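*Asks:* Here's a structure for you.
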Amino acid sequence: MTEIIVVTSGKGGVGKTTTSASLATGLAMQGKKVAVIDFDVGLRNLDLIMGCERRVVYDFVNVVHGEATLKQSLIKDKRHENLFVLAASQTRDKDALTQEGVEKVLDELAKENFDFVVCDSPAGIEKGAHLAMYFADHAVVVVNPEVSSVRDSDRILGLLSSKTRRAEKGEAPIKQHLLLTRYNPNRVEAGEMLSVKDVEEILGISVVGVIPESENVLAASNAGVPVILDDNSNAGAAYKDTVARILGEERPLRFLEPVKKGFLKRVFGG
Amino acid sequence: MGILDFLKRKPEATAGVAKERLRIIVAQERSTRGGPDYLPLLRNELLEVIRKYVNVDVEAVNVSLERDSGHEVLELSVALPDGKVVGKPAASAS
Ligand SMILES: Nc1ncnc2c1ncn2[C@@H]1O[C@H](COP(=O)(O)OP(=O)(O)OP(=O)(O)O)[C@@H](O)[C@H]1O
Ligand SMILES: [Mg+2]
């Protein structure tokens with residue numbers, strides 16, 4: 001059975017695309033057959049983070065409109081032969097995607113025996129975000145330890161449990177996974193940033209993972225290599241743990257303790 | 001302030017404030033979620049009316065929609081400040 005995972009947040013710029021790329025790659029590393037779809041019509045970006053931007057010929061909207069087949073449009077990952085990217089269209093027509101069109105593509109992926117389809121949602125709660133979450137079995141709600149992001153994620157959690165196919169059909173609810181990203185333990189210790197526990201208490205749900213704020217994320221996106229493949233970064237390791245937890249494994253949270261600063265930094269800050 | 005103090009100056013510990021504000025707003029938004037879009041507006045107008053008589057806090061008014069066996073019940077609760085009920089209308093609420 002094909003499981004559909006939406007990566008969503010409400011607020012923009014919190015790390016959905018970064019997470020989608022690493023989650024899809026991580027699932028593929030576990031031997032799963034995975035497709036990752038960019039739902040951000042007009043603002044294609046996942047291709048860059050996955051490092052396949054020059055190989056995009058056809059996109060999601062082309063498939064929906066029957067201008068290309070799904071096979072022609074899926075871009076095979078350079079590193080994992082069981083991982084495929086479906087790019088967003090650069091059209092300015094926000095109505096290019098329809099619920100029927102999305103359903104058709106997802107059904108076709110199911111027929112091709114994909115284990116997972118990861119849907120990278122656009123920001124907001126408009127049509128694109130709605131379509132990305134509508135058919136989902138799992139939702140990864142990406143949240144930053146910051147007031148507007150936390151409030152928006154509560155809004156999204158509400159929509160996931162009311163405005164999705166599972167909710168409308170009265171089926172088992174979508175499995176919700178809260179992923180706290182851009183976490184800075186030093187600032188948490190100083191009382192400058194909401195802690196994991198604070199966010200869990202406010203939203204009433206526990207986290208599936210905590211991804212530290214990391215310089216390696218920018219380096220990874222510069223290179224077009226999902227950060228989960230960076231063996232030397234805490235963010236990559238935290239994403240690996242998260243993927244394992246989504247697959248049902250139990251792993252303790254890591255990288256929550258402040259990094260002790262050297263003497264000079266202690267005196268001069270930074 | 002000395003140069004070293006300036007260099008060492010740190011942001012304030014504001015996470016506690018953030019948490020408290022979020023706790024309140026999230027609870028409030030959850031209580032009207034799934035209800036008609038006019039609930040927040042209704043709440044604000046009620047607040048204004050109540051404030052003509054009693055100087056209550058924004059958080060003192062709580063509007064929520066309860067669903068139970070087919071009925072919808074609009075629940076309204078106002079926490080009055082203890083012993084501070086004013087007899088004449090208070091100055092117009094801002
Ligand atoms: N753990 C992290 N540490 C440091 N930087 C990060 C981290 N996660 C994401 N970022 C940075 O945050 C920015 C936004 O990330 P990303 O594009 O993944 O967000 P998004 O939610 O997909 O944005 P949009 O809403 O525009 O689609 C990027 O510059 C990315 O490099
Ligand atoms: Mg994005």
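Each chain in the structure tokens gets a letter, A, B and so on, in the order shown; residues start at 1 in every chain, and ligands are counted from 1 in the order they appear.
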Within 8 Å of ligand 1 (counting only C-alpha atoms and all ligand atoms), which residues show up? I'd like them as a PDB file with N, CA, C and O atoms, in the first residue's frame.

*Replies:*
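Everything below was put into result_27.pdb:
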ATOM      1  N   THR A   8       3.979  19.958   5.933  1.00  0.00           N
ATOM      2  CA  THR A   8       3.226  21.205   5.905  1.00  0.00           C
ATOM      3  C   THR A   8       3.544  22.048   7.142  1.00  0.00           C
ATOM      4  O   THR A   8       4.240  21.590   8.043  1.00  0.00           O
ATOM      5  N   SER A   9       3.047  23.302   7.178  1.00  0.00           N
ATOM      6  CA  SER A   9       3.406  24.158   8.319  1.00  0.00           C
ATOM      7  C   SER A   9       2.515  25.365   8.539  1.00  0.00           C
ATOM      8  O   SER A   9       2.502  25.931   9.617  1.00  0.00           O
ATOM      9  N   GLY A  10       1.814  25.808   7.506  1.00  0.00           N
ATOM     10  CA  GLY A  10       1.153  27.112   7.633  1.00  0.00           C
ATOM     11  C   GLY A  10       2.149  28.203   7.307  1.00  0.00           C
ATOM     12  O   GLY A  10       2.225  28.686   6.177  1.00  0.00           O
ATOM     13  N   LYS A  11       2.960  28.572   8.268  1.00  0.00           N
ATOM     14  CA  LYS A  11       3.941  29.642   8.075  1.00  0.00           C
ATOM     15  C   LYS A  11       4.999  29.265   7.028  1.00  0.00           C
ATOM     16  O   LYS A  11       5.389  28.105   6.932  1.00  0.00           O
ATOM     17  N   GLY A  12       5.441  30.243   6.284  1.00  0.00           N
ATOM     18  CA  GLY A  12       6.450  30.010   5.252  1.00  0.00           C
ATOM     19  C   GLY A  12       7.869  30.006   5.804  1.00  0.00           C
ATOM     20  O   GLY A  12       8.129  30.534   6.889  1.00  0.00           O
ATOM     21  N   GLY A  13       8.751  29.395   5.055  1.00  0.00           N
ATOM     22  CA  GLY A  13      10.173  29.478   5.369  1.00  0.00           C
ATOM     23  C   GLY A  13      10.622  28.763   6.630  1.00  0.00           C
ATOM     24  O   GLY A  13      11.668  29.073   7.185  1.00  0.00           O
ATOM     25  N   VAL A  14       9.845  27.798   7.110  1.00  0.00           N
ATOM     26  CA  VAL A  14      10.221  27.137   8.367  1.00  0.00           C
ATOM     27  C   VAL A  14      11.045  25.864   8.147  1.00  0.00           C
ATOM     28  O   VAL A  14      11.598  25.310   9.102  1.00  0.00           O
ATOM     29  N   GLY A  15      11.105  25.393   6.890  1.00  0.00           N
ATOM     30  CA  GLY A  15      11.925  24.205   6.618  1.00  0.00           C
ATOM     31  C   GLY A  15      11.162  23.032   6.010  1.00  0.00           C
ATOM     32  O   GLY A  15      11.615  21.888   6.100  1.00  0.00           O
ATOM     33  N   LYS A  16      10.048  23.290   5.349  1.00  0.00           N
ATOM     34  CA  LYS A  16       9.262  22.207   4.727  1.00  0.00           C
ATOM     35  C   LYS A  16      10.027  21.528   3.596  1.00  0.00           C
ATOM     36  O   LYS A  16      10.089  20.308   3.519  1.00  0.00           O
ATOM     37  N   THR A  17      10.604  22.336   2.702  1.00  0.00           N
ATOM     38  CA  THR A  17      11.285  21.762   1.549  1.00  0.00           C
ATOM     39  C   THR A  17      12.556  21.034   1.994  1.00  0.00           C
ATOM     40  O   THR A  17      12.844  19.930   1.528  1.00  0.00           O
ATOM     41  N   THR A  18      13.282  21.640   2.920  1.00  0.00           N
ATOM     42  CA  THR A  18      14.466  20.990   3.504  1.00  0.00           C
ATOM     43  C   THR A  18      14.074  19.634   4.086  1.00  0.00           C
ATOM     44  O   THR A  18      14.758  18.623   3.891  1.00  0.00           O
ATOM     45  N   THR A  19      12.945  19.617   4.806  1.00  0.00           N
ATOM     46  CA  THR A  19      12.479  18.393   5.443  1.00  0.00           C
ATOM     47  C   THR A  19      11.991  17.371   4.408  1.00  0.00           C
ATOM     48  O   THR A  19      12.321  16.182   4.501  1.00  0.00           O
ATOM     49  N   SER A  20      11.235  17.836   3.406  1.00  0.00           N
ATOM     50  CA  SER A  20      10.726  16.917   2.379  1.00  0.00           C
ATOM     51  C   SER A  20      11.876  16.199   1.686  1.00  0.00           C
ATOM     52  O   SER A  20      11.826  14.989   1.460  1.00  0.00           O
ATOM     53  N   ASP A  40       4.374  23.383  -4.664  1.00  0.00           N
ATOM     54  CA  ASP A  40       4.469  24.840  -4.625  1.00  0.00           C
ATOM     55  C   ASP A  40       4.420  25.403  -6.049  1.00  0.00           C
ATOM     56  O   ASP A  40       5.432  25.828  -6.609  1.00  0.00           O
ATOM     57  N   ASN A  45      11.129  24.709  -6.096  1.00  0.00           N
ATOM     58  CA  ASN A  45      12.353  24.792  -5.293  1.00  0.00           C
ATOM     59  C   ASN A  45      12.917  23.446  -4.884  1.00  0.00           C
ATOM     60  O   ASN A  45      14.115  23.303  -4.679  1.00  0.00           O
ATOM     61  N   ASP A 120       5.476  17.977  -0.669  1.00  0.00           N
ATOM     62  CA  ASP A 120       6.048  19.210  -0.111  1.00  0.00           C
ATOM     63  C   ASP A 120       5.039  20.341  -0.314  1.00  0.00           C
ATOM     64  O   ASP A 120       4.844  20.822  -1.418  1.00  0.00           O
ATOM     65  N   SER A 121       4.390  20.746   0.771  1.00  0.00           N
ATOM     66  CA  SER A 121       3.309  21.737   0.683  1.00  0.00           C
ATOM     67  C   SER A 121       3.852  23.154   0.535  1.00  0.00           C
ATOM     68  O   SER A 121       4.898  23.482   1.076  1.00  0.00           O
ATOM     69  N   PRO A 122       3.105  24.001  -0.184  1.00  0.00           N
ATOM     70  CA  PRO A 122       3.441  25.428  -0.126  1.00  0.00           C
ATOM     71  C   PRO A 122       3.010  25.988   1.222  1.00  0.00           C
ATOM     72  O   PRO A 122       2.241  25.354   1.959  1.00  0.00           O
ATOM     73  N   ALA A 123       3.502  27.190   1.553  1.00  0.00           N
ATOM     74  CA  ALA A 123       3.090  27.848   2.797  1.00  0.00           C
ATOM     75  C   ALA A 123       1.632  28.287   2.666  1.00  0.00           C
ATOM     76  O   ALA A 123       1.056  28.267   1.582  1.00  0.00           O
ATOM     77  N   GLY A 124       1.059  28.691   3.792  1.00  0.00           N
ATOM     78  CA  GLY A 124      -0.302  29.215   3.771  1.00  0.00           C
ATOM     79  C   GLY A 124      -1.347  28.156   3.996  1.00  0.00           C
ATOM     80  O   GLY A 124      -1.025  26.997   4.312  1.00  0.00           O
ATOM     81  N   VAL A 142       5.889  20.908  10.282  1.00  0.00           N
ATOM     82  CA  VAL A 142       7.184  21.517  10.602  1.00  0.00           C
ATOM     83  C   VAL A 142       6.947  22.807  11.373  1.00  0.00           C
ATOM     84  O   VAL A 142       6.164  23.664  10.959  1.00  0.00           O
ATOM     85  N   THR A 181      12.059  22.255  14.104  1.00  0.00           N
ATOM     86  CA  THR A 181      13.326  22.472  13.406  1.00  0.00           C
ATOM     87  C   THR A 181      13.918  23.838  13.752  1.00  0.00           C
ATOM     88  O   THR A 181      13.254  24.684  14.340  1.00  0.00           O
ATOM     89  N   ARG A 182      15.181  24.015  13.368  1.00  0.00           N
ATOM     90  CA  ARG A 182      15.952  25.229  13.644  1.00  0.00           C
ATOM     91  C   ARG A 182      16.046  25.484  15.150  1.00  0.00           C
ATOM     92  O   ARG A 182      15.933  26.611  15.610  1.00  0.00           O
ATOM     93  N   TYR A 183      16.259  24.407  15.881  1.00  0.00           N
ATOM     94  CA  TYR A 183      16.304  24.456  17.345  1.00  0.00           C
ATOM     95  C   TYR A 183      17.702  24.810  17.804  1.00  0.00           C
ATOM     96  O   TYR A 183      18.685  24.234  17.321  1.00  0.00           O
ATOM     97  N   ILE A 211      15.212  19.025  14.947  1.00  0.00           N
ATOM     98  CA  ILE A 211      16.349  19.263  14.067  1.00  0.00           C
ATOM     99  C   ILE A 211      17.045  20.539  14.527  1.00  0.00           C
ATOM    100  O   ILE A 211      16.424  21.602  14.574  1.00  0.00           O
ATOM    101  N   PRO A 212      18.320  20.442  14.901  1.00  0.00           N
ATOM    102  CA  PRO A 212      18.997  21.651  15.373  1.00  0.00           C
ATOM    103  C   PRO A 212      19.218  22.666  14.242  1.00  0.00           C
ATOM    104  O   PRO A 212      19.301  22.286  13.074  1.00  0.00           O
ATOM    105  N   GLU A 213      19.300  23.918  14.623  1.00  0.00           N
ATOM    106  CA  GLU A 213      19.742  24.963  13.690  1.00  0.00           C
ATOM    107  C   GLU A 213      21.166  24.600  13.296  1.00  0.00           C
ATOM    108  O   GLU A 213      21.986  24.300  14.155  1.00  0.00           O
ATOM    109  N   SER A 214      21.449  24.570  12.011  1.00  0.00           N
ATOM    110  CA  SER A 214      22.762  24.090  11.605  1.00  0.00           C
ATOM    111  C   SER A 214      23.250  24.772  10.340  1.00  0.00           C
ATOM    112  O   SER A 214      22.496  24.985   9.388  1.00  0.00           O
ATOM    113  N   GLU A 215      24.542  25.117  10.349  1.00  0.00           N
ATOM    114  CA  GLU A 215      25.146  25.740   9.161  1.00  0.00           C
ATOM    115  C   GLU A 215      25.188  24.764   7.996  1.00  0.00           C
ATOM    116  O   GLU A 215      25.257  25.160   6.838  1.00  0.00           O
ATOM    117  N   ASN A 216      25.148  23.472   8.316  1.00  0.00           N
ATOM    118  CA  ASN A 216      25.245  22.467   7.261  1.00  0.00           C
ATOM    119  C   ASN A 216      24.038  22.456   6.337  1.00  0.00           C
ATOM    120  O   ASN A 216      24.120  21.971   5.216  1.00  0.00           O
ATOM    121  N   VAL A 217      22.899  23.011   6.832  1.00  0.00           N
ATOM    122  CA  VAL A 217      21.700  23.026   5.987  1.00  0.00           C
ATOM    123  C   VAL A 217      21.910  23.923   4.772  1.00  0.00           C
ATOM    124  O   VAL A 217      21.577  23.557   3.647  1.00  0.00           O
ATOM    125  N   LEU A 218      22.498  25.087   4.996  1.00  0.00           N
ATOM    126  CA  LEU A 218      22.776  25.992   3.871  1.00  0.00           C
ATOM    127  C   LEU A 218      23.811  25.364   2.935  1.00  0.00           C
ATOM    128  O   LEU A 218      23.660  25.401   1.711  1.00  0.00           O
ATOM    129  N   SER A 221      22.059  22.833   0.828  1.00  0.00           N
ATOM    130  CA  SER A 221      21.221  23.357  -0.248  1.00  0.00           C
ATOM    131  C   SER A 221      22.084  24.015  -1.320  1.00  0.00           C
ATOM    132  O   SER A 221      21.779  23.929  -2.507  1.00  0.00           O
ATOM    133  N   ALA A 235      22.245  18.050  12.070  1.00  0.00           N
ATOM    134  CA  ALA A 235      20.928  18.156  11.434  1.00  0.00           C
ATOM    135  C   ALA A 235      20.650  16.887  10.620  1.00  0.00           C
ATOM    136  O   ALA A 235      19.557  16.329  10.681  1.00  0.00           O
TER     137      ALA A 235
END

*Asks:* Would you pick out the contacts of Leu80 (chain B) at 12 Å or less, using only C-alpha atoms, so that residues sharing its chain but fewer than 6 positions from it are not included, and give the list as a list in words?

*Replies:* Leu47, Ile50, Arg51, Tyr53, Val54, Asn55, Val56, Asp57, Val58, Glu59, Ala60, Val61, Asn62 and Val86 of chain B

*Asks:* Deliver the residues from the most recent selection as a file, using C-alpha atoms, as an mmCIF file, in the first residue's frame.

*Replies:*
data_model
loop_
_atom_site.group_PDB
_atom_site.id
_atom_site.type_symbol
_atom_site.label_atom_id
_atom_site.label_comp_id
_atom_site.auth_asym_id
_atom_site.auth_seq_id
_atom_site.Cartn_x
_atom_site.Cartn_y
_atom_site.Cartn_z
ATOM 1 C CA LEU B 47 -16.261 42.513 24.641
ATOM 2 C CA ILE B 50 -19.330 44.454 28.309
ATOM 3 C CA ARG B 51 -16.589 47.027 28.615
ATOM 4 C CA TYR B 53 -20.192 48.484 32.081
ATOM 5 C CA VAL B 54 -17.241 46.592 33.457
ATOM 6 C CA ASN B 55 -13.607 47.086 32.777
ATOM 7 C CA VAL B 56 -12.707 43.542 31.840
ATOM 8 C CA ASP B 57 -9.615 42.165 30.231
ATOM 9 C CA VAL B 58 -9.561 40.925 26.619
ATOM 10 C CA GLU B 59 -8.939 37.418 27.924
ATOM 11 C CA ALA B 60 -11.916 37.602 30.262
ATOM 12 C CA VAL B 61 -14.424 36.928 27.500
ATOM 13 C CA ASN B 62 -14.577 33.417 26.198
ATOM 14 C CA VAL B 86 -18.707 49.746 37.977
#

*Asks:* Just need the residues of chain A within 9 Å of chain B, counting only C-alpha atoms, so spit them out as a PyMOL selection string.

*Replies:* chain A and resi 146-148+150-151+154-155+158-159+162+187-188+190-195+198-199+201-203+266-270

*Asks:* Those residues with C-alpha atoms, as a PDB file, in the first residue's frame please?

*Replies:*
ATOM      1  CA  GLU A 146       8.914  30.930  17.504  1.00  0.00           C
ATOM      2  CA  VAL A 147       5.461  32.408  18.260  1.00  0.00           C
ATOM      3  CA  SER A 148       3.989  32.810  14.782  1.00  0.00           C
ATOM      4  CA  VAL A 150       3.698  27.652  16.686  1.00  0.00           C
ATOM      5  CA  ARG A 151       0.357  29.386  16.308  1.00  0.00           C
ATOM      6  CA  ASP A 154      -1.915  24.674  15.613  1.00  0.00           C
ATOM      7  CA  ARG A 155      -4.124  26.026  12.846  1.00  0.00           C
ATOM      8  CA  GLY A 158      -6.918  21.717  13.113  1.00  0.00           C
ATOM      9  CA  LEU A 159      -7.244  21.635   9.312  1.00  0.00           C
ATOM     10  CA  SER A 162     -11.184  18.411   9.582  1.00  0.00           C
ATOM     11  CA  ARG A 187      19.307  29.944  23.278  1.00  0.00           C
ATOM     12  CA  VAL A 188      16.793  27.631  24.954  1.00  0.00           C
ATOM     13  CA  ALA A 190      19.393  31.086  28.125  1.00  0.00           C
ATOM     14  CA  GLY A 191      15.602  31.363  28.172  1.00  0.00           C
ATOM     15  CA  GLU A 192      15.573  33.128  24.817  1.00  0.00           C
ATOM     16  CA  MET A 193      13.824  30.413  22.837  1.00  0.00           C
ATOM     17  CA  LEU A 194      10.850  28.117  23.440  1.00  0.00           C
ATOM     18  CA  SER A 195      11.973  24.642  24.496  1.00  0.00           C
ATOM     19  CA  ASP A 198       7.139  24.331  25.835  1.00  0.00           C
ATOM     20  CA  VAL A 199       6.102  23.628  22.240  1.00  0.00           C
ATOM     21  CA  GLU A 201       2.751  21.630  26.024  1.00  0.00           C
ATOM     22  CA  ILE A 202       1.271  24.473  23.983  1.00  0.00           C
ATOM     23  CA  LEU A 203       0.231  22.232  21.097  1.00  0.00           C
ATOM     24  CA  ARG A 266      32.097  33.003  26.507  1.00  0.00           C
ATOM     25  CA  VAL A 267      33.683  36.385  27.080  1.00  0.00           C
ATOM     26  CA  PHE A 268      32.713  38.033  23.851  1.00  0.00           C
ATOM     27  CA  GLY A 269      29.465  36.231  23.055  1.00  0.00           C
ATOM     28  CA  GLY A 270      28.527  34.859  19.679  1.00  0.00           C
TER      29      GLY A 270
END

*Asks:* So which bits of region 3-91 of chain B end up strand (DSSP E or B) when you DSSP the backbone, as a PyMOL selection string?

*Replies:* chain B and resi 61-68+71-78

*Asks:* How about saving the chosen residues, C-alpha atoms kept, as a compact mmCIF listing (two decimals), in the first residue's frame?

*Replies:*
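Listed below is the output, again-v4.txt:
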# COMPACT_ATOMS: atom_id res chain seq x y z
CA VAL B 61 -14.42 36.93 27.50
CA ASN B 62 -14.58 33.42 26.20
CA VAL B 63 -16.89 32.31 23.41
CA SER B 64 -17.06 28.70 22.40
CA LEU B 65 -19.25 26.45 20.40
CA GLU B 66 -20.26 23.13 21.92
CA ARG B 67 -21.79 20.42 19.81
CA ASP B 68 -23.87 17.86 21.53
CA HIS B 71 -27.59 20.87 18.91
CA GLU B 72 -25.02 23.57 18.81
CA VAL B 73 -24.70 25.60 21.96
CA LEU B 74 -22.95 28.93 21.97
CA GLU B 75 -21.25 29.22 25.31
CA LEU B 76 -20.26 32.59 26.59
CA SER B 77 -18.34 33.19 29.76
CA VAL B 78 -17.12 36.46 31.20

*Asks:* Which polymer residues have any atom within 10 Å of an atom of Asn222 (chain A), counting only C-alpha atoms, with same-chain residues fewer than 6 positions away left out, as a compact mmCIF listing (two decimals) with C-alpha atoms, in the first residue's frame?

*Replies:*
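Saved as out06.txt:
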# COMPACT_ATOMS: atom_id res chain seq x y z
CA LEU A 48 17.23 22.64 -6.35
CA ILE A 49 17.38 21.12 -2.86
CA GLY A 51 20.03 18.69 -6.91
CA ASN A 216 25.25 22.47 7.26

*Asks:* Can you work out the spacing between CA of Gly209 (chain A) and CA of Glu250 (chain A) in Å, to one decimal?

*Replies:*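 According to the coordinates, CA of Gly209 (chain A) and CA of Glu250 (chain A) are separated by 11.1 Å.
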
*Asks:* Rounded to one decimal in Å, what is the spacing between CA of Thr69 (chain A) and CA of Val7 (chain A)?

*Replies:*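 One can read the CA of Thr69 (chain A) to CA of Val7 (chain A) distance as 24.9 Å.
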
*Asks:* Could you name the residues that touch Ile228 (chain A) at 12 Å or less, counting only C-alpha atoms, but leaving out those on the same chain fewer than 5 positions away, as a ChimeraX atom specification?

*Replies:* /A:18-29,49-50,211,216-217,219-221,233-243

*Asks:* Can you write just those residues out, N, CA and C atoms, as a PDB file, in the first residue's frame?

*Replies:*
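Below is the file again03.pdb, written as the result:
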ATOM      1  N   THR A  18      13.282  21.640   2.920  1.00  0.00           N
ATOM      2  CA  THR A  18      14.466  20.990   3.504  1.00  0.00           C
ATOM      3  C   THR A  18      14.074  19.634   4.086  1.00  0.00           C
ATOM      4  N   THR A  19      12.945  19.617   4.806  1.00  0.00           N
ATOM      5  CA  THR A  19      12.479  18.393   5.443  1.00  0.00           C
ATOM      6  C   THR A  19      11.991  17.371   4.408  1.00  0.00           C
ATOM      7  N   SER A  20      11.235  17.836   3.406  1.00  0.00           N
ATOM      8  CA  SER A  20      10.726  16.917   2.379  1.00  0.00           C
ATOM      9  C   SER A  20      11.876  16.199   1.686  1.00  0.00           C
ATOM     10  N   ALA A  21      12.916  16.957   1.337  1.00  0.00           N
ATOM     11  CA  ALA A  21      14.056  16.376   0.628  1.00  0.00           C
ATOM     12  C   ALA A  21      14.760  15.332   1.497  1.00  0.00           C
ATOM     13  N   SER A  22      14.971  15.664   2.770  1.00  0.00           N
ATOM     14  CA  SER A  22      15.678  14.727   3.642  1.00  0.00           C
ATOM     15  C   SER A  22      14.812  13.529   4.007  1.00  0.00           C
ATOM     16  N   LEU A  23      13.529  13.756   4.211  1.00  0.00           N
ATOM     17  CA  LEU A  23      12.615  12.662   4.538  1.00  0.00           C
ATOM     18  C   LEU A  23      12.524  11.675   3.375  1.00  0.00           C
ATOM     19  N   ALA A  24      12.333  12.200   2.167  1.00  0.00           N
ATOM     20  CA  ALA A  24      12.215  11.324   0.991  1.00  0.00           C
ATOM     21  C   ALA A  24      13.512  10.541   0.797  1.00  0.00           C
ATOM     22  N   THR A  25      14.638  11.231   0.917  1.00  0.00           N
ATOM     23  CA  THR A  25      15.932  10.567   0.757  1.00  0.00           C
ATOM     24  C   THR A  25      16.137   9.507   1.840  1.00  0.00           C
ATOM     25  N   GLY A  26      15.782   9.863   3.076  1.00  0.00           N
ATOM     26  CA  GLY A  26      15.936   8.927   4.202  1.00  0.00           C
ATOM     27  C   GLY A  26      15.089   7.673   4.013  1.00  0.00           C
ATOM     28  N   LEU A  27      13.873   7.840   3.530  1.00  0.00           N
ATOM     29  CA  LEU A  27      13.007   6.678   3.288  1.00  0.00           C
ATOM     30  C   LEU A  27      13.596   5.809   2.176  1.00  0.00           C
ATOM     31  N   ALA A  28      14.139   6.467   1.146  1.00  0.00           N
ATOM     32  CA  ALA A  28      14.753   5.714   0.046  1.00  0.00           C
ATOM     33  C   ALA A  28      15.986   4.951   0.543  1.00  0.00           C
ATOM     34  N   MET A  29      16.743   5.564   1.475  1.00  0.00           N
ATOM     35  CA  MET A  29      17.924   4.894   2.036  1.00  0.00           C
ATOM     36  C   MET A  29      17.515   3.640   2.799  1.00  0.00           C
ATOM     37  N   ILE A  49      16.925  21.728  -4.122  1.00  0.00           N
ATOM     38  CA  ILE A  49      17.380  21.119  -2.864  1.00  0.00           C
ATOM     39  C   ILE A  49      17.761  19.650  -3.101  1.00  0.00           C
ATOM     40  N   MET A  50      17.066  19.010  -4.062  1.00  0.00           N
ATOM     41  CA  MET A  50      17.378  17.616  -4.403  1.00  0.00           C
ATOM     42  C   MET A  50      18.532  17.534  -5.410  1.00  0.00           C
ATOM     43  N   ILE A 211      15.212  19.025  14.947  1.00  0.00           N
ATOM     44  CA  ILE A 211      16.349  19.263  14.067  1.00  0.00           C
ATOM     45  C   ILE A 211      17.045  20.539  14.527  1.00  0.00           C
ATOM     46  N   ASN A 216      25.148  23.472   8.316  1.00  0.00           N
ATOM     47  CA  ASN A 216      25.245  22.467   7.261  1.00  0.00           C
ATOM     48  C   ASN A 216      24.038  22.456   6.337  1.00  0.00           C
ATOM     49  N   VAL A 217      22.899  23.011   6.832  1.00  0.00           N
ATOM     50  CA  VAL A 217      21.700  23.026   5.987  1.00  0.00           C
ATOM     51  C   VAL A 217      21.910  23.923   4.772  1.00  0.00           C
ATOM     52  N   ALA A 219      24.826  24.757   3.505  1.00  0.00           N
ATOM     53  CA  ALA A 219      25.852  24.105   2.676  1.00  0.00           C
ATOM     54  C   ALA A 219      25.213  23.016   1.821  1.00  0.00           C
ATOM     55  N   ALA A 220      24.282  22.267   2.423  1.00  0.00           N
ATOM     56  CA  ALA A 220      23.622  21.180   1.701  1.00  0.00           C
ATOM     57  C   ALA A 220      22.779  21.732   0.563  1.00  0.00           C
ATOM     58  N   SER A 221      22.059  22.833   0.828  1.00  0.00           N
ATOM     59  CA  SER A 221      21.221  23.357  -0.248  1.00  0.00           C
ATOM     60  C   SER A 221      22.084  24.015  -1.320  1.00  0.00           C
ATOM     61  N   SER A 233      26.939  16.157   9.974  1.00  0.00           N
ATOM     62  CA  SER A 233      26.121  17.210  10.572  1.00  0.00           C
ATOM     63  C   SER A 233      25.083  16.650  11.539  1.00  0.00           C
ATOM     64  N   ASN A 234      24.867  17.403  12.622  1.00  0.00           N
ATOM     65  CA  ASN A 234      23.843  17.022  13.588  1.00  0.00           C
ATOM     66  C   ASN A 234      22.458  17.060  12.956  1.00  0.00           C
ATOM     67  N   ALA A 235      22.245  18.050  12.070  1.00  0.00           N
ATOM     68  CA  ALA A 235      20.928  18.156  11.434  1.00  0.00           C
ATOM     69  C   ALA A 235      20.650  16.887  10.620  1.00  0.00           C
ATOM     70  N   GLY A 236      21.663  16.428   9.881  1.00  0.00           N
ATOM     71  CA  GLY A 236      21.503  15.206   9.090  1.00  0.00           C
ATOM     72  C   GLY A 236      21.196  14.006   9.975  1.00  0.00           C
ATOM     73  N   ALA A 237      21.936  13.888  11.080  1.00  0.00           N
ATOM     74  CA  ALA A 237      21.722  12.761  11.997  1.00  0.00           C
ATOM     75  C   ALA A 237      20.323  12.833  12.616  1.00  0.00           C
ATOM     76  N   ALA A 238      19.888  14.067  12.943  1.00  0.00           N
ATOM     77  CA  ALA A 238      18.556  14.231  13.541  1.00  0.00           C
ATOM     78  C   ALA A 238      17.464  13.853  12.528  1.00  0.00           C
ATOM     79  N   TYR A 239      17.697  14.170  11.257  1.00  0.00           N
ATOM     80  CA  TYR A 239      16.731  13.754  10.224  1.00  0.00           C
ATOM     81  C   TYR A 239      16.706  12.228  10.098  1.00  0.00           C
ATOM     82  N   LYS A 240      17.881  11.584  10.194  1.00  0.00           N
ATOM     83  CA  LYS A 240      17.912  10.112  10.120  1.00  0.00           C
ATOM     84  C   LYS A 240      17.081   9.509  11.239  1.00  0.00           C
ATOM     85  N   ASP A 241      17.258  10.047  12.460  1.00  0.00           N
ATOM     86  CA  ASP A 241      16.464   9.565  13.597  1.00  0.00           C
ATOM     87  C   ASP A 241      14.971   9.735  13.331  1.00  0.00           C
ATOM     88  N   THR A 242      14.629  10.898  12.773  1.00  0.00           N
ATOM     89  CA  THR A 242      13.216  11.210  12.533  1.00  0.00           C
ATOM     90  C   THR A 242      12.591  10.216  11.552  1.00  0.00           C
ATOM     91  N   VAL A 243      13.328   9.925  10.482  1.00  0.00           N
ATOM     92  CA  VAL A 243      12.830   8.963   9.496  1.00  0.00           C
ATOM     93  C   VAL A 243      12.596   7.602  10.157  1.00  0.00           C
TER      94      VAL A 243
END

*Asks:* Counting only C-alpha atoms and all ligand atoms, figure out which residue out of A:Arg44, A:Lys33, A:His177, A:Arg54 gets nearest to ligand 2.

*Replies:*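 Closest to ligand 2, using only C-alpha atoms and all ligand atoms: A:Arg44.
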
*Asks:* Take CA of Phe114 (chain A) and CA of Lys163 (chain A) and report the distance between them in Å, one decimal.

*Replies:* 25.0 Å

*Asks:* Name the residues in contact with Leu109 (chain A) at a cut-off of 12 Å, using only C-alpha atoms, excluding same-chain residues fewer than 2 positions from it; report them as a PyMOL selection string.

*Replies:* chain A and resi 1-4+33-37+63+69-71+73-74+84-86+102-107+111-118

*Asks:* Which residues are close to Arg165 (chain A), i.e. within 8 Å by only C-alpha atoms, leaving aside same-chain residues fewer than 5 positions away? Reply as a list in words.

*Replies:*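 Residues meeting the cut-off are Tyr134, Phe135 and Ala136 of chain A.
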
*Asks:* Export, as a compact mmCIF listing (two decimals), in the first residue's frame, the selected residues with C-alpha atoms.

*Replies:*
# COMPACT_ATOMS: atom_id res chain seq x y z
CA TYR A 134 -6.07 16.42 1.31
CA PHE A 135 -5.13 12.81 0.45
CA ALA A 136 -2.49 12.32 3.16
